[in-house]
Amino acid sequence: TGVTTLTLRINGQPRTVQAEPRVTLLDALRERLDLTGTKKGCDHGQCGACTVLVDGQRVNSCLTLAITTQGKEITTIEGLAQGEALHPMQEAFLKHDGFQCGYCTPGQIMSGVACVKEGHATTDDQAREWMSGNLCRCGAYANILAAVREVAT
Ligand code: FES
């Protein structure tokens, strides 16, 4: 009941998904489109694991209704690499060991991409502030910051 067909543009491809208006972008990605790179941590906008880009702006996909993203460009962690070439932020996370268990990593990387693109990574303090919405239970913060700063400079 109430199921509608949504047309979403994800990583440059048009995708259709059957979903009720209450379905979040996070659940649409993970459960209906098999794009499970985007992670569900808290489901309440507090951990950043679900971070994706919508028209280049970072959003918590758990707080965003899929229906509201129709006509916008959605970028997930699956869309960053170009063929075999990783995105510079992905390379930097590898180089600096910006993860331990890896669960928060897709969200960290998407936030990092937005951080650099929007010019919030010119100092450590600025980058730390921007990235503070992305929690890492393993405490890899120093290495995450190093990765983001490397791409910014
Ligand atoms: Fe969305 Fe935690 S799952 S902020």
# chains A, B, ... in the order shown; residues from 1 in each chain; ligands from 1

$ select_by_dssp --residues "chain A" --states "helix (DSSP H, G or I)" --output "PyMOL selection string"
chain A and resi 25-32+61-63+66-69+77-79+88-95+105-117+124-133+141-152

$ closest_atom_pairs --of "chain A" --to "ligand 1" --cutoff "8 Å" --atoms "only C-alpha atoms and all ligand atoms" --output "Markdown table"
| residue | atom | partner | partner_atom_place_in_ligand_line | distance |
| --- | --- | --- | --- | --- |
| A:Leu26 | CA | ligand 1 | 1 (Fe) | 7.7 |
| A:Lys39 | CA | ligand 1 | 3 (S) | 6.7 |
| A:Lys40 | CA | ligand 1 | 3 (S) | 4.2 |
| A:Gly41 | CA | ligand 1 | 3 (S) | 4.1 |
| A:Cys42 | CA | ligand 1 | 2 (Fe) | 3.8 |
| A:Asp43 | CA | ligand 1 | 3 (S) | 3.7 |
| A:His44 | CA | ligand 1 | 2 (Fe) | 5.4 |
| A:Gly45 | CA | ligand 1 | 4 (S) | 3.3 |
| A:Gln46 | CA | ligand 1 | 4 (S) | 4.3 |
| A:Cys47 | CA | ligand 1 | 2 (Fe) | 3.8 |
| A:Gly48 | CA | ligand 1 | 4 (S) | 4.0 |
| A:Ala49 | CA | ligand 1 | 2 (Fe) | 5.2 |
| A:Cys50 | CA | ligand 1 | 1 (Fe) | 4.5 |
| A:Thr51 | CA | ligand 1 | 1 (Fe) | 6.8 |
| A:Asn60 | CA | ligand 1 | 1 (Fe) | 5.0 |
| A:Ser61 | CA | ligand 1 | 1 (Fe) | 5.9 |
| A:Cys62 | CA | ligand 1 | 1 (Fe) | 4.3 |
| A:Leu63 | CA | ligand 1 | 1 (Fe) | 6.5 |
| A:Asn134 | CA | ligand 1 | 4 (S) | 7.9 |

$ write_last_selection --atoms "N, CA and C atoms" --output "PDB file, in the first residue's frame"
ATOM      1  N   LEU A  26      18.683   5.639   2.742  1.00  0.00           N
ATOM      2  CA  LEU A  26      19.559   4.569   3.218  1.00  0.00           C
ATOM      3  C   LEU A  26      18.941   3.192   2.962  1.00  0.00           C
ATOM      4  N   LYS A  39      26.567   2.344   4.952  1.00  0.00           N
ATOM      5  CA  LYS A  39      26.308   1.564   6.166  1.00  0.00           C
ATOM      6  C   LYS A  39      25.242   2.185   7.051  1.00  0.00           C
ATOM      7  N   LYS A  40      24.550   1.315   7.774  1.00  0.00           N
ATOM      8  CA  LYS A  40      23.590   1.767   8.780  1.00  0.00           C
ATOM      9  C   LYS A  40      24.204   1.561  10.157  1.00  0.00           C
ATOM     10  N   GLY A  41      24.444   2.665  10.842  1.00  0.00           N
ATOM     11  CA  GLY A  41      24.938   2.574  12.211  1.00  0.00           C
ATOM     12  C   GLY A  41      23.792   2.822  13.166  1.00  0.00           C
ATOM     13  N   CYS A  42      23.518   4.104  13.405  1.00  0.00           N
ATOM     14  CA  CYS A  42      22.502   4.460  14.407  1.00  0.00           C
ATOM     15  C   CYS A  42      21.095   4.568  13.823  1.00  0.00           C
ATOM     16  N   ASP A  43      20.988   4.879  12.543  1.00  0.00           N
ATOM     17  CA  ASP A  43      19.702   5.136  11.877  1.00  0.00           C
ATOM     18  C   ASP A  43      18.997   6.367  12.449  1.00  0.00           C
ATOM     19  N   HIS A  44      19.732   7.222  13.152  1.00  0.00           N
ATOM     20  CA  HIS A  44      19.137   8.408  13.784  1.00  0.00           C
ATOM     21  C   HIS A  44      19.958   9.677  13.577  1.00  0.00           C
ATOM     22  N   GLY A  45      20.800   9.694  12.557  1.00  0.00           N
ATOM     23  CA  GLY A  45      21.530  10.922  12.271  1.00  0.00           C
ATOM     24  C   GLY A  45      22.646  11.253  13.232  1.00  0.00           C
ATOM     25  N   GLN A  46      23.163  10.265  13.930  1.00  0.00           N
ATOM     26  CA  GLN A  46      24.173  10.583  14.940  1.00  0.00           C
ATOM     27  C   GLN A  46      25.553   9.992  14.697  1.00  0.00           C
ATOM     28  N   CYS A  47      25.692   9.120  13.683  1.00  0.00           N
ATOM     29  CA  CYS A  47      27.001   8.464  13.552  1.00  0.00           C
ATOM     30  C   CYS A  47      27.713   8.734  12.222  1.00  0.00           C
ATOM     31  N   GLY A  48      26.961   9.093  11.196  1.00  0.00           N
ATOM     32  CA  GLY A  48      27.585   9.411   9.914  1.00  0.00           C
ATOM     33  C   GLY A  48      27.918   8.211   9.037  1.00  0.00           C
ATOM     34  N   ALA A  49      27.650   6.998   9.501  1.00  0.00           N
ATOM     35  CA  ALA A  49      27.992   5.804   8.707  1.00  0.00           C
ATOM     36  C   ALA A  49      27.254   5.781   7.371  1.00  0.00           C
ATOM     37  N   CYS A  50      26.115   6.450   7.322  1.00  0.00           N
ATOM     38  CA  CYS A  50      25.236   6.400   6.143  1.00  0.00           C
ATOM     39  C   CYS A  50      25.463   7.570   5.195  1.00  0.00           C
ATOM     40  N   THR A  51      26.553   8.306   5.376  1.00  0.00           N
ATOM     41  CA  THR A  51      26.779   9.527   4.588  1.00  0.00           C
ATOM     42  C   THR A  51      26.887   9.240   3.090  1.00  0.00           C
ATOM     43  N   ASN A  60      23.068  12.704   5.674  1.00  0.00           N
ATOM     44  CA  ASN A  60      22.858  11.433   6.350  1.00  0.00           C
ATOM     45  C   ASN A  60      21.682  10.763   5.640  1.00  0.00           C
ATOM     46  N   SER A  61      21.961   9.688   4.932  1.00  0.00           N
ATOM     47  CA  SER A  61      20.891   9.068   4.140  1.00  0.00           C
ATOM     48  C   SER A  61      19.818   8.434   5.019  1.00  0.00           C
ATOM     49  N   CYS A  62      20.127   8.213   6.309  1.00  0.00           N
ATOM     50  CA  CYS A  62      19.104   7.669   7.219  1.00  0.00           C
ATOM     51  C   CYS A  62      18.072   8.727   7.578  1.00  0.00           C
ATOM     52  N   LEU A  63      18.395   9.994   7.378  1.00  0.00           N
ATOM     53  CA  LEU A  63      17.468  11.090   7.711  1.00  0.00           C
ATOM     54  C   LEU A  63      16.822  11.671   6.461  1.00  0.00           C
ATOM     55  N   ASN A 134      31.159  12.169  11.942  1.00  0.00           N
ATOM     56  CA  ASN A 134      31.412  10.777  11.552  1.00  0.00           C
ATOM     57  C   ASN A 134      32.161  10.070  12.668  1.00  0.00           C
TER      58      ASN A 134
END

$ closest_residue --among "A:Ala152, A:Cys115, A:Met89, A:Ala28" --to "A:Thr69" --atoms "only C-alpha atoms"
A:Ala28

$ residues_around --residues "A:Arg137" --least-positions-apart "3" --cutoff "9 Å" --atoms "only C-alpha atoms" --output "number ranges by chain"
A: 101, 104, 140

$ write_last_selection --atoms "C-alpha atoms" --output "tab-separated table (two decimals), in the first residue's frame"
chain	number	residue	atom	x	y	z
A	101	CYS	CA	37.20	-2.48	11.36
A	104	CYS	CA	32.45	3.66	9.34
A	140	ALA	CA	41.16	5.88	13.96

$ atom_distance --atom1 "atom CA of A:His96" --atom2 "atom CA of A:Gly139"
13.7 Å
